[in-house]
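Asker: Quick one: the structure is below, and I'll ask about it shortly.
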Amino acid sequence: MSRSQKELPMASSDNAAECCPGAVAGEDSYLALEENWLSGQIETAAGPVWRVDTTLNRKDQIDAVKMRLGIGRMSFAVPPGLYAVGNPDDASSVIVSANYKLSFDSLRRELSGLNLWILVLDTGGINVWCAAGKGTFGTAEVVRMVEASNLSEVVSHRTLILPQLAAPGVAAHEVRSQAGFKVIYGPVRAADIPGFLKAGLKAGPEMRRTSFTLAERLVLAPVELVGVVRPLIGVAVILLLLNLIASYFGDGRFLLTSVLGNTVSASLPFVLAVVVGTVLVPALLPYIPGRPLAWKGWLLGVLLAFAYMTVIVPGITLLETAAYYLVLPAITAFLGMNFTGSTTYTSLSGVVKEMGVALPLIIISAGLGLIGLGTAYFV
Amino acid sequence: MKFKYLPNVATLELDQSKCNGCGMCLVVCPQEVFSFNEKVSSITDRDACLECGACARNCPQGAIRVRAGVGCAYAVLMDKFNLKGSCCNDSCGCSLEDIADR
Ligand code: SF4
Ligand code: SF4
């Protein structure tokens, strides 16, 4: 391990510790400094600096899948410090990055053939946008890392390139007055960095806008789905118990296969609602009329309830029909509302307003529907 | 395509008398809320504001005010009921990062 990296003090981000338990990467949870993502060291005026590999290998891809699924996301924090790409010299650009491995990987992947420096901050293993919102990717951390890495000895210029999405946390004019470095906000997407550098550190409007394409909306679905697995198992267990009780009171004999079969078919609409809420709502987001996300979810939920009862189980009782119309849209509305956390455009004021209306309705609708479904087992 | 959320809720305020026309707010806003009008900034698409706070933090003149926060229902919910782990833990899907690639 190089001197310049080993001696870096840990971030004392009390704020982050409070908001994100377990999210602040300790020294042991940093990614190991090994040749798998690094390729040797280069000498600088401030000591040796690791050079990063600009091609992602198989392990990086497996890590990415794990992170997308939300498995052990926090053990993928890149050790903060200065890194080299190619063979940079004292005139080469300095790009500042969060130490969330996915961010770091998507950055270095775009930099092959370039010679520059990457200054990795300690953002607690969290991505730029979230860390900037919390202030861990903030003015103080930028200033601290500029000093800790002895950057002013390594480069002769005084310019830092920050991702534009760090701007909620970093005050460019304060970095200048505190650390003596001018901040230039680079493009939103890492893929635009080579073009940005070539254009003399200029980002056109299309580089400054966040996008939210189909692929970008769906990449989050696995994490959301994993998040609802547990409640879904809870629902299945309750349905199993209901079916056991119903079969006991119904004909007095336990037919395990029919109880299990009934449980599976009774769970189906809930599974469908979850898929609609976490996959279909994001996928169809721009095409569903209306602005509130709970509303968009609710609309698809009504369609789901309709489709379920006309195609899959036609001819059920009026009570069950009513109950499904109350429960399923409530679930999809809730999941739609939850998707606000994954979007690139929802404001806090909007979410608070939307929740004030939607949440009571969702609770009432789900409550009544569940009572209806429970009753339907015994009438 | 620019997505828009609820109209008439953003808490964004700009005091044009303080603005020196540096253009920083136009640079940092991911939603193109501002544009220049006679060399001072003006809010031309308020409803697109997602209250990220980038403009206010980077305005050297302190001309912009906004109640910055995270527009995430889960975080708001946890906050309301005073629960821990409101955000960015292993189970949080909040990864604009993944969306924005960096
Ligand atoms: S950042 Fe402030 S001073 Fe600069 S243009 Fe915007 S409002 Fe005016
Ligand atoms: S708070 Fe964010 S989205 Fe709103 S105007 Fe400022 S920079 Fe733009």
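Residues in the structure tokens are numbered from 1 in each chain, the chains being A, B, ... in the order shown, and ligands are numbered from 1 in the order shown.
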Can you work out which residues are within 6 Å of ligand 2, considering only C-alpha atoms and all ligand atoms, and then hand them over as an mmCIF file with N, CA, C and O atoms, in the first residue's frame?

Answerer:
```
data_model
loop_
_atom_site.group_PDB
_atom_site.id
_atom_site.type_symbol
_atom_site.label_atom_id
_atom_site.label_comp_id
_atom_site.auth_asym_id
_atom_site.auth_seq_id
_atom_site.Cartn_x
_atom_site.Cartn_y
_atom_site.Cartn_z
ATOM 1 N N VAL B 28 -25.232 24.042 -12.672
ATOM 2 C CA VAL B 28 -25.410 22.907 -11.752
ATOM 3 C C VAL B 28 -26.813 22.307 -11.769
ATOM 4 O O VAL B 28 -27.005 21.177 -11.327
ATOM 5 N N CYS B 29 -27.802 23.030 -12.273
ATOM 6 C CA CYS B 29 -29.166 22.503 -12.202
ATOM 7 C C CYS B 29 -29.371 21.360 -13.188
ATOM 8 O O CYS B 29 -29.221 21.542 -14.395
ATOM 9 N N PRO B 30 -29.706 20.175 -12.686
ATOM 10 C CA PRO B 30 -29.908 19.052 -13.592
ATOM 11 C C PRO B 30 -31.255 19.109 -14.324
ATOM 12 O O PRO B 30 -31.522 18.296 -15.200
ATOM 13 N N GLN B 31 -32.102 20.051 -13.942
ATOM 14 C CA GLN B 31 -33.451 20.099 -14.496
ATOM 15 C C GLN B 31 -33.705 21.331 -15.363
ATOM 16 O O GLN B 31 -34.860 21.614 -15.718
ATOM 17 N N VAL B 33 -33.912 24.523 -14.749
ATOM 18 C CA VAL B 33 -34.948 25.361 -14.164
ATOM 19 C C VAL B 33 -34.712 26.839 -14.482
ATOM 20 O O VAL B 33 -35.650 27.606 -14.650
ATOM 21 N N CYS B 49 -38.258 21.728 -10.793
ATOM 22 C CA CYS B 49 -37.277 21.721 -9.690
ATOM 23 C C CYS B 49 -37.475 20.504 -8.804
ATOM 24 O O CYS B 49 -38.573 20.223 -8.351
ATOM 25 N N LEU B 50 -36.399 19.783 -8.542
ATOM 26 C CA LEU B 50 -36.507 18.619 -7.663
ATOM 27 C C LEU B 50 -35.942 18.899 -6.281
ATOM 28 O O LEU B 50 -35.724 17.988 -5.487
ATOM 29 N N GLU B 51 -35.665 20.156 -6.001
ATOM 30 C CA GLU B 51 -35.214 20.592 -4.674
ATOM 31 C C GLU B 51 -33.941 19.897 -4.231
ATOM 32 O O GLU B 51 -33.805 19.479 -3.093
ATOM 33 N N CYS B 52 -33.002 19.764 -5.174
ATOM 34 C CA CYS B 52 -31.744 19.120 -4.811
ATOM 35 C C CYS B 52 -30.829 20.081 -4.067
ATOM 36 O O CYS B 52 -29.933 19.657 -3.335
ATOM 37 N N GLY B 53 -31.022 21.368 -4.250
ATOM 38 C CA GLY B 53 -30.241 22.350 -3.507
ATOM 39 C C GLY B 53 -28.932 22.754 -4.154
ATOM 40 O O GLY B 53 -28.200 23.573 -3.608
ATOM 41 N N ALA B 54 -28.631 22.196 -5.325
ATOM 42 C CA ALA B 54 -27.341 22.482 -5.963
ATOM 43 C C ALA B 54 -27.184 23.962 -6.281
ATOM 44 O O ALA B 54 -26.118 24.542 -6.079
ATOM 45 N N CYS B 55 -28.259 24.585 -6.762
ATOM 46 C CA CYS B 55 -28.170 25.990 -7.166
ATOM 47 C C CYS B 55 -27.908 26.872 -5.955
ATOM 48 O O CYS B 55 -27.027 27.739 -5.978
#
```

Asker: Residues within 10 Å of ligand 1 (only C-alpha atoms and all ligand atoms), as a PDB file with C-alpha atoms, in the first residue's frame?

Answerer:
```
ATOM      1  CA  GLU B  13     -36.836  31.314  -4.446  1.00  0.00           C
ATOM      2  CA  LEU B  14     -34.516  33.602  -6.370  1.00  0.00           C
ATOM      3  CA  ASP B  15     -33.647  37.137  -5.397  1.00  0.00           C
ATOM      4  CA  GLN B  16     -32.702  38.682  -8.709  1.00  0.00           C
ATOM      5  CA  SER B  17     -31.430  41.848  -7.072  1.00  0.00           C
ATOM      6  CA  LYS B  18     -28.521  39.851  -5.595  1.00  0.00           C
ATOM      7  CA  CYS B  19     -27.650  38.010  -8.795  1.00  0.00           C
ATOM      8  CA  ASN B  20     -24.372  38.929 -10.467  1.00  0.00           C
ATOM      9  CA  GLY B  21     -24.973  36.809 -13.542  1.00  0.00           C
ATOM     10  CA  CYS B  22     -22.188  34.308 -12.889  1.00  0.00           C
ATOM     11  CA  GLY B  23     -24.264  31.510 -14.392  1.00  0.00           C
ATOM     12  CA  MET B  24     -23.414  28.886 -11.817  1.00  0.00           C
ATOM     13  CA  CYS B  25     -27.060  28.021 -11.164  1.00  0.00           C
ATOM     14  CA  LEU B  26     -27.568  27.259 -14.839  1.00  0.00           C
ATOM     15  CA  VAL B  27     -24.545  24.988 -14.799  1.00  0.00           C
ATOM     16  CA  VAL B  28     -25.410  22.907 -11.752  1.00  0.00           C
ATOM     17  CA  CYS B  29     -29.166  22.503 -12.202  1.00  0.00           C
ATOM     18  CA  PHE B  34     -33.092  28.641 -14.786  1.00  0.00           C
ATOM     19  CA  SER B  35     -32.327  30.678 -17.819  1.00  0.00           C
ATOM     20  CA  PHE B  36     -30.722  34.043 -18.394  1.00  0.00           C
ATOM     21  CA  LYS B  39     -27.775  38.885 -17.776  1.00  0.00           C
ATOM     22  CA  VAL B  40     -29.546  37.893 -14.591  1.00  0.00           C
ATOM     23  CA  SER B  41     -30.775  34.452 -13.807  1.00  0.00           C
ATOM     24  CA  SER B  42     -34.491  33.823 -13.721  1.00  0.00           C
ATOM     25  CA  ILE B  43     -36.620  30.831 -12.850  1.00  0.00           C
ATOM     26  CA  ALA B  54     -27.341  22.482  -5.963  1.00  0.00           C
ATOM     27  CA  CYS B  55     -28.170  25.990  -7.166  1.00  0.00           C
ATOM     28  CA  ALA B  56     -28.510  27.477  -3.684  1.00  0.00           C
ATOM     29  CA  ARG B  57     -25.304  25.845  -2.472  1.00  0.00           C
ATOM     30  CA  ASN B  58     -23.312  27.057  -5.460  1.00  0.00           C
ATOM     31  CA  CYS B  59     -24.652  30.577  -5.784  1.00  0.00           C
ATOM     32  CA  PRO B  60     -21.773  32.782  -4.591  1.00  0.00           C
ATOM     33  CA  GLN B  61     -24.201  35.647  -3.967  1.00  0.00           C
ATOM     34  CA  GLY B  62     -26.617  33.729  -1.782  1.00  0.00           C
ATOM     35  CA  ALA B  63     -29.396  34.756  -4.130  1.00  0.00           C
ATOM     36  CA  ILE B  64     -31.180  31.406  -4.175  1.00  0.00           C
ATOM     37  CA  ARG B  65     -33.120  29.683  -1.432  1.00  0.00           C
TER      38      ARG B  65
END
```

Asker: List as a list in words the protein and nucleic acid residues near Gly180 of chain A, meaning an atom at most 12 Å away when only C-alpha atoms are counted, but skip any in the same chain fewer than 2 places from it.

Answerer: Val142, Val143, Val146, Glu147, Leu151, Ser152, His157, Arg158, Thr159, Leu160, Ala172, His173, Glu174, Val175, Arg176, Ser177, Gln178, Lys182 and Val183 of chain A

Asker: Taking 2 positions as the minimum chain separation for residues in the same chain, which residues sit within 9 Å of Tyr377 of chain A when counting only C-alpha atoms? Answer as a count of residues only.

Answerer: 8

Asker: Mind the document's chain letters and residue numbers, and return as a PyMOL selection string the residues of segment 146-342 of chain A that DSSP labels helix (DSSP H, G or I).

Answerer: chain A and resi 146-148+151-154+164-166+172-179+190-198+205-208+214-218+221-250+256-287+293-312+318-342

Asker: Rank nothing, just name the residue among A:Met207, A:Ile238, A:Val78, A:Ile371 nearest to chain B, using only C-alpha atoms.

Answerer: A:Met207

Asker: Give me the residues within 9 Å of Lys2 of chain B as a PyMOL selection string, counting only C-alpha atoms and dropping any in the same chain fewer than 3 places off.

Answerer: (chain A and resi 209-212+345) or (chain B and resi 31+48)

Asker: Quick one: write out the picked residues with all heavy atoms as an mmCIF file, in the first residue's frame?

Answerer:
```
data_model
loop_
_atom_site.group_PDB
_atom_site.id
_atom_site.type_symbol
_atom_site.label_atom_id
_atom_site.label_comp_id
_atom_site.auth_asym_id
_atom_site.auth_seq_id
_atom_site.Cartn_x
_atom_site.Cartn_y
_atom_site.Cartn_z
ATOM 1 N N ARG A 209 -27.982 17.385 -18.419
ATOM 2 C CA ARG A 209 -29.310 16.931 -18.034
ATOM 3 C C ARG A 209 -29.257 15.498 -17.526
ATOM 4 O O ARG A 209 -28.585 14.663 -18.133
ATOM 5 C CB ARG A 209 -30.235 16.983 -19.245
ATOM 6 C CG ARG A 209 -31.239 18.103 -19.185
ATOM 7 C CD ARG A 209 -31.955 18.221 -20.504
ATOM 8 N NE ARG A 209 -31.314 19.200 -21.365
ATOM 9 C CZ ARG A 209 -31.225 19.062 -22.683
ATOM 10 N NH1 ARG A 209 -31.676 17.987 -23.283
ATOM 11 N NH2 ARG A 209 -30.654 20.004 -23.401
ATOM 12 N N THR A 210 -29.994 15.208 -16.478
ATOM 13 C CA THR A 210 -30.136 13.812 -16.089
ATOM 14 C C THR A 210 -31.158 13.194 -17.021
ATOM 15 O O THR A 210 -32.083 13.854 -17.470
ATOM 16 C CB THR A 210 -30.660 13.672 -14.651
ATOM 17 O OG1 THR A 210 -31.763 14.548 -14.500
ATOM 18 C CG2 THR A 210 -29.596 14.003 -13.640
ATOM 19 N N SER A 211 -30.965 11.940 -17.309
ATOM 20 C CA SER A 211 -31.963 11.265 -18.127
ATOM 21 C C SER A 211 -32.593 10.180 -17.273
ATOM 22 O O SER A 211 -32.154 9.905 -16.168
ATOM 23 C CB SER A 211 -31.304 10.661 -19.357
ATOM 24 O OG SER A 211 -30.252 9.812 -18.956
ATOM 25 N N PHE A 212 -33.626 9.598 -17.763
ATOM 26 C CA PHE A 212 -34.294 8.541 -17.000
ATOM 27 C C PHE A 212 -34.933 7.602 -18.014
ATOM 28 O O PHE A 212 -36.141 7.510 -18.125
ATOM 29 C CB PHE A 212 -35.327 9.172 -16.059
ATOM 30 C CG PHE A 212 -35.654 8.319 -14.864
ATOM 31 C CD1 PHE A 212 -34.723 7.453 -14.317
ATOM 32 C CD2 PHE A 212 -36.912 8.389 -14.278
ATOM 33 C CE1 PHE A 212 -35.034 6.676 -13.211
ATOM 34 C CE2 PHE A 212 -37.230 7.622 -13.168
ATOM 35 C CZ PHE A 212 -36.284 6.765 -12.639
ATOM 36 N N TYR A 345 -36.325 12.882 -10.554
ATOM 37 C CA TYR A 345 -37.023 14.169 -10.704
ATOM 38 C C TYR A 345 -38.018 14.511 -9.600
ATOM 39 O O TYR A 345 -38.666 15.549 -9.678
ATOM 40 C CB TYR A 345 -37.737 14.206 -12.063
ATOM 41 C CG TYR A 345 -38.924 13.267 -12.163
ATOM 42 C CD1 TYR A 345 -40.218 13.732 -11.992
ATOM 43 C CD2 TYR A 345 -38.744 11.917 -12.410
ATOM 44 C CE1 TYR A 345 -41.306 12.887 -12.068
ATOM 45 C CE2 TYR A 345 -39.820 11.062 -12.488
ATOM 46 C CZ TYR A 345 -41.094 11.553 -12.323
ATOM 47 O OH TYR A 345 -42.160 10.700 -12.388
ATOM 48 N N GLN B 31 -32.102 20.051 -13.942
ATOM 49 C CA GLN B 31 -33.451 20.099 -14.496
ATOM 50 C C GLN B 31 -33.705 21.331 -15.363
ATOM 51 O O GLN B 31 -34.860 21.614 -15.718
ATOM 52 C CB GLN B 31 -34.479 20.058 -13.352
ATOM 53 C CG GLN B 31 -34.583 18.718 -12.634
ATOM 54 C CD GLN B 31 -35.325 17.682 -13.448
ATOM 55 O OE1 GLN B 31 -34.733 16.950 -14.209
ATOM 56 N NE2 GLN B 31 -36.640 17.621 -13.305
ATOM 57 N N ALA B 48 -40.194 22.007 -12.641
ATOM 58 C CA ALA B 48 -39.244 20.917 -12.884
ATOM 59 C C ALA B 48 -38.262 20.769 -11.721
ATOM 60 O O ALA B 48 -37.521 19.797 -11.652
ATOM 61 C CB ALA B 48 -38.483 21.159 -14.176
#
```

Asker: Neighbouring residues of segment 53-70 of chain A were defined as those with any atom within 6 Å, considering only C-alpha atoms; residues of the same chain fewer than 6 positions away were excluded. Please report them as an MDAnalysis selection string.

Answerer: (chainID A and resid 37:39 108:109 112 222:223) or (chainID B and resid 90:91)

Asker: Using only C-alpha atoms, which protein or nucleic acid residues come within 7 Å of segment 41-46 of chain A? Drop anything in the same chain fewer than 2 positions from it, and give the result as a PyMOL selection string.

Answerer: chain A and resi 39+48-51+150+153-154

Asker: Choose the residue, out of A:Phe76, A:Trp117, A:Tyr83, A:Trp129, that has the smallest atom-to-atom separation from Gly341 of chain A; count only C-alpha atoms.

Answerer: A:Trp129

Asker: Nearest to chain A: which of B:Asp79, B:Val66, B:Leu12, B:Leu6 is it, counting only C-alpha atoms?

Answerer: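 Looking only at the distances to chain A, the closest residue turns out to be B:Leu6.
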
Asker: Find the nearest atom pair between each residue of segment 180-298 of chain A and segment 320-340 of chain A for residues within 9 Å, count only C-alpha atoms, give distances in Å to one decimal, sort rows by chain and ascending number, and present the table as a Markdown table.

Answerer:
```
| residue | atom | partner | partner_atom | distance |
| --- | --- | --- | --- | --- |
| A:Glu224 | CA | A:Phe339 | CA | 8.4 |
| A:Pro269 | CA | A:Leu328 | CA | 7.5 |
| A:Phe270 | CA | A:Leu328 | CA | 7.0 |
| A:Leu272 | CA | A:Leu328 | CA | 8.9 |
| A:Ala273 | CA | A:Thr332 | CA | 5.9 |
| A:Val274 | CA | A:Thr332 | CA | 6.7 |
| A:Val275 | CA | A:Thr332 | CA | 8.7 |
| A:Val276 | CA | A:Thr332 | CA | 6.7 |
| A:Gly277 | CA | A:Thr332 | CA | 4.5 |
| A:Thr278 | CA | A:Leu335 | CA | 6.4 |
| A:Val281 | CA | A:Gly336 | CA | 6.5 |
| A:Pro282 | CA | A:Phe339 | CA | 7.6 |
| A:Pro292 | CA | A:Met337 | CA | 7.7 |
| A:Leu293 | CA | A:Met337 | CA | 5.0 |
| A:Ala294 | CA | A:Ala333 | CA | 4.3 |
| A:Trp295 | CA | A:Ala333 | CA | 6.2 |
| A:Lys296 | CA | A:Gly336 | CA | 6.7 |
| A:Gly297 | CA | A:Ala333 | CA | 4.1 |
| A:Trp298 | CA | A:Ala333 | CA | 4.3 |
```

Asker: Would you put the residues from that selection into a file with C-alpha atoms, as a PDB file, in the first residue's frame?

Answerer:
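Result file is part.pdb:
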```
ATOM      1  CA  GLU A 224     -36.839  -3.011  -5.264  1.00  0.00           C
ATOM      2  CA  PRO A 269     -52.482 -11.815  -7.136  1.00  0.00           C
ATOM      3  CA  PHE A 270     -50.105 -10.431  -4.509  1.00  0.00           C
ATOM      4  CA  LEU A 272     -48.547 -10.015  -9.583  1.00  0.00           C
ATOM      5  CA  ALA A 273     -49.209  -6.767  -7.715  1.00  0.00           C
ATOM      6  CA  VAL A 274     -45.598  -6.662  -6.585  1.00  0.00           C
ATOM      7  CA  VAL A 275     -44.321  -7.229 -10.104  1.00  0.00           C
ATOM      8  CA  VAL A 276     -46.671  -4.566 -11.455  1.00  0.00           C
ATOM      9  CA  GLY A 277     -45.590  -2.099  -8.757  1.00  0.00           C
ATOM     10  CA  THR A 278     -41.838  -2.649  -9.024  1.00  0.00           C
ATOM     11  CA  VAL A 281     -44.824   1.074 -13.059  1.00  0.00           C
ATOM     12  CA  PRO A 282     -41.172   2.094 -13.647  1.00  0.00           C
ATOM     13  CA  PRO A 292     -48.298  11.490  -8.569  1.00  0.00           C
ATOM     14  CA  LEU A 293     -46.514   8.153  -8.558  1.00  0.00           C
ATOM     15  CA  ALA A 294     -48.987   6.597  -6.132  1.00  0.00           C
ATOM     16  CA  TRP A 295     -51.712   7.492  -8.610  1.00  0.00           C
ATOM     17  CA  LYS A 296     -49.803   5.887 -11.481  1.00  0.00           C
ATOM     18  CA  GLY A 297     -49.350   2.760  -9.369  1.00  0.00           C
ATOM     19  CA  TRP A 298     -53.015   2.766  -8.407  1.00  0.00           C
TER      20      TRP A 298
END
```

Asker: Pick out the closest residue to Glu110 of chain A from this set: A:Ala132, A:Ile362, A:Leu197, A:Ala148. Count only C-alpha atoms.

Answerer: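 Nearest candidate to Glu110 of chain A out of A:Ala132, A:Ile362, A:Leu197, A:Ala148: A:Leu197.
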